[in-house]
Every structure is written in C-alpha cells, then in structure tokens.
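Colleague: What follows is input.pdb; its format and atoms are PDB, C-alpha atoms and all ligand atoms.
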```
ATOM      1  CA  MET A   1     -39.793  -1.268  -5.255
ATOM      2  CA  ARG A   2     -38.527  -4.338  -7.023
ATOM      3  CA  GLN A   3     -36.098  -2.152  -8.896
ATOM      4  CA  THR A   4     -34.798  -0.671  -5.646
ATOM      5  CA  VAL A   5     -34.151  -4.110  -4.236
ATOM      6  CA  PHE A   6     -32.353  -5.092  -7.405
ATOM      7  CA  THR A   7     -30.224  -1.944  -7.296
ATOM      8  CA  LEU A   8     -29.314  -2.607  -3.682
ATOM      9  CA  LEU A   9     -28.352  -6.181  -4.467
ATOM     10  CA  LEU A  10     -26.270  -5.010  -7.381
ATOM     11  CA  LEU A  11     -24.558  -2.444  -5.167
ATOM     12  CA  ALA A  12     -23.866  -5.057  -2.531
ATOM     13  CA  ALA A  13     -22.381  -7.361  -5.149
ATOM     14  CA  LEU A  14     -20.164  -4.590  -6.483
ATOM     15  CA  LEU A  15     -19.006  -3.656  -3.002
ATOM     16  CA  CYS A  16     -18.209  -7.257  -2.303
ATOM     17  CA  VAL A  17     -16.153  -7.525  -5.458
ATOM     18  CA  ALA A  18     -14.217  -4.386  -4.551
ATOM     19  CA  GLY A  19     -13.781  -5.385  -0.935
ATOM     20  CA  CYS A  20     -13.132  -9.057  -1.512
ATOM     21  CA  THR A  21     -10.511  -8.655  -4.203
ATOM     22  CA  SER A  22      -8.457  -6.270  -2.088
ATOM     23  CA  ALA A  23      -8.697  -8.481   0.988
ATOM     24  CA  PRO A  24      -5.486 -10.295   1.805
ATOM     25  CA  ALA A  25      -5.473 -13.670   0.156
ATOM     26  CA  THR A  26      -5.501 -16.578   2.531
ATOM     27  CA  THR A  27      -2.422 -18.141   1.068
ATOM     28  CA  PRO A  28      -1.702 -21.304   3.038
ATOM     29  CA  THR A  29       1.970 -21.446   2.181
ATOM     30  CA  VAL A  30       4.574 -19.285   0.567
ATOM     31  CA  PRO A  31       6.053 -20.989  -2.465
ATOM     32  CA  ASN A  32       9.541 -22.000  -1.571
ATOM     33  CA  ALA A  33      12.518 -20.479  -3.239
ATOM     34  CA  THR A  34      16.054 -21.583  -2.769
ATOM     35  CA  ALA A  35      17.672 -18.898  -4.886
ATOM     36  CA  ALA A  36      19.534 -15.969  -3.419
ATOM     37  CA  GLY A  37      17.291 -13.471  -1.736
ATOM     38  CA  THR A  38      14.984 -16.084  -0.339
ATOM     39  CA  PRO A  39      11.689 -14.526   0.672
ATOM     40  CA  SER A  40      10.852 -14.436   4.314
ATOM     41  CA  ASN A  41       8.342 -17.055   5.321
ATOM     42  CA  GLY A  42       6.431 -14.724   7.573
ATOM     43  CA  ASP A  43       4.641 -11.517   6.844
ATOM     44  CA  VAL A  44       6.425  -8.269   7.415
ATOM     45  CA  SER A  45       5.018  -5.087   8.834
ATOM     46  CA  VAL A  46       6.328  -1.568   8.704
ATOM     47  CA  ARG A  47       5.202   1.626  10.334
ATOM     48  CA  VAL A  48       5.077   4.858   8.375
ATOM     49  CA  VAL A  49       4.093   8.231   9.808
ATOM     50  CA  ALA A  50       3.190  11.397   7.956
ATOM     51  CA  ASP A  51       3.573  14.475  10.114
ATOM     52  CA  GLN A  52       3.790  18.154   9.169
ATOM     53  CA  MET A  53       3.809  17.342   5.463
ATOM     54  CA  ALA A  54       6.706  14.904   5.712
ATOM     55  CA  PHE A  55       7.221  11.181   6.033
ATOM     56  CA  GLY A  56       9.015  10.040   9.170
ATOM     57  CA  THR A  57      11.242   7.794   7.109
ATOM     58  CA  ALA A  58      13.254   8.205   3.931
ATOM     59  CA  GLU A  59      13.546   4.470   3.301
ATOM     60  CA  ILE A  60      11.216   1.509   3.598
ATOM     61  CA  THR A  61      12.992  -1.839   3.391
ATOM     62  CA  VAL A  62      11.256  -5.188   3.005
ATOM     63  CA  PRO A  63      12.187  -8.682   1.805
ATOM     64  CA  ARG A  64      11.240  -9.639  -1.715
ATOM     65  CA  ASP A  65       8.119 -11.631  -2.544
ATOM     66  CA  THR A  66       6.606 -11.227   0.892
ATOM     67  CA  ASN A  67       3.268 -10.072   2.252
ATOM     68  CA  VAL A  68       3.866  -6.586   3.570
ATOM     69  CA  THR A  69       1.569  -4.684   5.884
ATOM     70  CA  VAL A  70       2.172  -0.958   6.126
ATOM     71  CA  HIS A  71       0.643   0.626   9.199
ATOM     72  CA  PHE A  72       0.259   4.172   8.003
ATOM     73  CA  GLU A  73      -0.496   7.008  10.367
ATOM     74  CA  ASN A  74      -1.422  10.421   9.018
ATOM     75  CA  ARG A  75      -1.065  13.035  11.730
ATOM     76  CA  ASP A  76      -1.845  16.053   9.574
ATOM     77  CA  ASP A  77      -5.214  17.404  10.536
ATOM     78  CA  GLY A  78      -7.489  17.747   7.526
ATOM     79  CA  ILE A  79      -4.827  16.803   4.987
ATOM     80  CA  PRO A  80      -5.063  13.688   2.835
ATOM     81  CA  HIS A  81      -1.926  11.571   2.470
ATOM     82  CA  ASN A  82      -1.208   8.081   1.215
ATOM     83  CA  VAL A  83       1.750   5.805   0.687
ATOM     84  CA  ALA A  84       2.133   4.586  -2.876
ATOM     85  CA  PHE A  85       4.848   2.294  -4.213
ATOM     86  CA  TYR A  86       6.170   2.465  -7.761
ATOM     87  CA  ARG A  87       8.986   0.948  -9.755
ATOM     88  CA  THR A  88      10.455   4.295 -10.746
ATOM     89  CA  ALA A  89      10.959   7.651  -9.068
ATOM     90  CA  ASP A  90       8.632   9.259 -11.592
ATOM     91  CA  ALA A  91       5.832   7.002 -10.352
ATOM     92  CA  ARG A  92       5.662   4.528 -13.199
ATOM     93  CA  GLY A  93       5.086   0.827 -12.762
ATOM     94  CA  GLU A  94       2.617   0.747  -9.943
ATOM     95  CA  ILE A  95       3.503  -1.755  -7.220
ATOM     96  CA  TYR A  96       0.823  -0.761  -4.746
ATOM     97  CA  VAL A  97      -1.109   2.466  -4.300
ATOM     98  CA  GLY A  98      -2.504   2.955  -0.821
ATOM     99  CA  GLN A  99      -5.799   4.745  -0.423
ATOM    100  CA  LEU A 100      -5.690   8.354   0.674
ATOM    101  CA  ILE A 101      -6.629   9.031   4.249
ATOM    102  CA  GLN A 102      -7.478  12.305   5.858
ATOM    103  CA  GLY A 103      -5.546  13.094   9.007
ATOM    104  CA  PRO A 104      -5.604  12.396  11.780
ATOM    105  CA  GLY A 105      -6.098   8.757  10.982
ATOM    106  CA  THR A 106      -4.499   5.399  10.420
ATOM    107  CA  VAL A 107      -4.843   2.702   7.801
ATOM    108  CA  ASP A 108      -3.251  -0.666   7.098
ATOM    109  CA  TYR A 109      -2.134  -1.432   3.573
ATOM    110  CA  THR A 110      -1.337  -5.020   2.641
ATOM    111  CA  PHE A 111       0.374  -6.065  -0.562
ATOM    112  CA  ARG A 112       2.961  -8.407  -1.956
ATOM    113  CA  SER A 113       6.468  -7.030  -2.330
ATOM    114  CA  PRO A 114       8.113  -7.353  -5.759
ATOM    115  CA  ALA A 115       9.751 -10.663  -6.575
ATOM    116  CA  GLU A 116      12.827  -8.860  -7.862
ATOM    117  CA  PRO A 117      15.126  -7.247  -5.309
ATOM    118  CA  GLY A 118      15.894  -3.653  -6.115
ATOM    119  CA  THR A 119      15.571  -0.044  -5.161
ATOM    120  CA  TYR A 120      12.115   1.199  -5.953
ATOM    121  CA  HIS A 121      10.186   4.286  -4.927
ATOM    122  CA  PHE A 122       7.476   5.368  -2.531
ATOM    123  CA  GLN A 123       5.624   8.616  -2.275
ATOM    124  CA  CYS A 124       2.500  10.362  -1.129
ATOM    125  CA  ASP A 125       0.644  10.898  -4.387
ATOM    126  CA  PRO A 126      -0.798  14.380  -3.689
ATOM    127  CA  HIS A 127       2.583  15.618  -2.422
ATOM    128  CA  ALA A 128       4.935  13.546  -4.519
ATOM    129  CA  SER A 129       7.445  16.312  -5.125
ATOM    130  CA  PHE A 130       8.534  16.371  -1.484
ATOM    131  CA  MET A 131       6.929  13.394   0.320
ATOM    132  CA  ARG A 132       8.975  10.587  -1.201
ATOM    133  CA  GLY A 133      11.613   8.014  -0.450
ATOM    134  CA  LEU A 134      13.288   4.774  -1.397
ATOM    135  CA  PHE A 135      11.444   1.477  -1.339
ATOM    136  CA  ILE A 136      14.199  -1.083  -0.928
ATOM    137  CA  VAL A 137      13.468  -4.732  -1.638
ATOM    138  CA  THR A 138      16.148  -7.157  -0.517
TER     139      THR A 138
HETATM  140 CU    CU A 201       0.678  13.816   1.301
END
```
If you convert what's in this file into structure tokens, what do you get?
Ligand SMILES: [Cu+2]

Modeller:
Amino acid sequence: MRQTVFTLLLLAALLCVAGCTSAPATTPTVPNATAAGTPSNGDVSVRVVADQMAFGTAEITVPRDTNVTVHFENRDDGIPHNVAFYRTADARGEIYVGQLIQGPGTVDYTFRSPAEPGTYHFQCDPHASFMRGLFIVT
C-alpha cells in the first residue's frame, strides 16, 4: 500500500515535470532588440490544417524570436499527423516537434521562433516525403 502511494506520487511528479516544462513560460517582457529584424512584441499565432494527406499551406511565416502558437487541425479521420519544425529540409536541427494527433482533432503548439531570420523547414514527421513546406522566419 505504502509502495503504491509512493509510486503514484512519483508518477505525479514525473507528469508535472513533463507538463510543466512544456508549458509556455510566463515571460513578463520580451528582451528588447534594436537590430534589424526586431522581434514582434506580441505573440503570433498561425493556423495549419492537414486534410486528405496534405497541409493547407506550403509556407509558414513568423517573426524571429517570438512566441508562436500554431493552431493545428488534423481533419484526416484515424490518421496521425503533426507539425514539426527543423533547420534543414532533411529534418536536422530540431526547432520544435509538435506532438502527433489523430484526426479529427486539433492541438495548439507553442514555441519560440529562431532568433536568426532564415528559411527553415516544416513537415509532418510520419509523412515527411510529401507533407512539408517552408518555415520562414523574418
Ligand atoms: Cu502526416
């Protein structure tokens, strides 16, 4: 009995660590930057839809060094998709990997966009050969 309680507590602690670390940080202010490509002061949100094994957009554009929320909708019944962001088109240099969701369903992903402007890459990991596009950071 005591062991069960301990196990449950341990599980709860682990879940908290997993959940708490991925929760959006309550950053009071965005560090200011006066250089070119100044980050936006507000958060940015984008909508991405997966439908019939394709993304509804070929490009996702966000400002650099900004909190980005991706509202992802998977409309494919029974098929898992995600949106994952990488530095290169061959999926190296992970920027943010969204969790897979089974369609139909929606999920919000929140992450910080890269500090460096550039043309990066997004894809659905299970279908990376054809569900892919450009992740443009300005
Ligand atoms: Cu997919």

Colleague: Find the residues around Ala84 of chain A up to 8 Å (all atoms listed in the file counted), leave out those fewer than 5 positions away in its own chain, and share them as an mmCIF file with C-alpha atoms, in the coordinates of the input.

Modeller:
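Contents of the output file around-v4.cif:
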```cif
data_model
loop_
_atom_site.group_PDB
_atom_site.id
_atom_site.type_symbol
_atom_site.label_atom_id
_atom_site.label_comp_id
_atom_site.auth_asym_id
_atom_site.auth_seq_id
_atom_site.Cartn_x
_atom_site.Cartn_y
_atom_site.Cartn_z
ATOM 1 C CA ILE A 95 3.503 -1.755 -7.220
ATOM 2 C CA TYR A 96 0.823 -0.761 -4.746
ATOM 3 C CA VAL A 97 -1.109 2.466 -4.300
ATOM 4 C CA GLY A 98 -2.504 2.955 -0.821
ATOM 5 C CA PHE A 122 7.476 5.368 -2.531
ATOM 6 C CA GLN A 123 5.624 8.616 -2.275
ATOM 7 C CA CYS A 124 2.500 10.362 -1.129
ATOM 8 C CA ASP A 125 0.644 10.898 -4.387
#
```

Colleague: Residues picked by the PyMOL selection byres (((not hetatm)) within 12 of (chain A and resi 201)) here, as a PyMOL selection string?

Modeller: chain A and resi 49-55+72-84+98-103+122-132

Colleague: One decimal, in Å: what's the spacing between atom CA of Val107 of chain A and atom CA of Thr57 of chain A?

Modeller: 16.9 Å

Colleague: Box in all listed atoms of segment 120-134 of chain A, axis-aligned, with 3 Å more on each side; write out centre and edge lengths in Å to one decimal as JSON.

Modeller:
```
{"center_x": 6.2, "center_y": 8.8, "center_z": -2.8, "size_x": 20.1, "size_y": 21.2, "size_z": 12.3}
```

Colleague: Which residue, A:Gly56, A:Pro63, A:Gly133, A:Gly105, has the smallest gap to Arg87 of chain A when you use only C-alpha atoms?

Modeller: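 Nearest to Arg87 of chain A: A:Gly133.
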
Colleague: Please determine, counting only C-alpha atoms, which residue among A:Val44, A:Val70, A:Leu134, A:Ala115 has the shortest atom-to-atom distance to Thr88 of chain A.

Modeller: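 With only C-alpha atoms as the atom set, the closest residue is A:Leu134.
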
Colleague: Please measure the separation of atom CA of Gly93 of chain A and atom CA of Arg47 of chain A, giving the value in Å to one decimal.

Modeller: 23.1 Å

Colleague: In Å, how far is it from atom CA of Arg92 of chain A to atom CA of His121 of chain A?

Modeller: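 Separation between atom CA of Arg92 of chain A and atom CA of His121 of chain A: 9.4 Å.
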
Colleague: Step by step: start from the point (1.5, -12.0, -0.6) in the file's coordinates, keep every protein, DNA or RNA residue that has an atom no farther than 7 Å from it, count all atoms listed in the file, and write the set as a list in words.

Modeller: Asp65, Thr66, Asn67, Phe111 and Arg112 of chain A

Colleague: Which one is closest to Val48 of chain A: A:Ala89, A:Glu116, A:Arg64, A:Asp108? Count all atoms listed in the file.

Modeller: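 Ranking A:Ala89, A:Glu116, A:Arg64, A:Asp108 by distance to Val48 of chain A, first place goes to A:Asp108.
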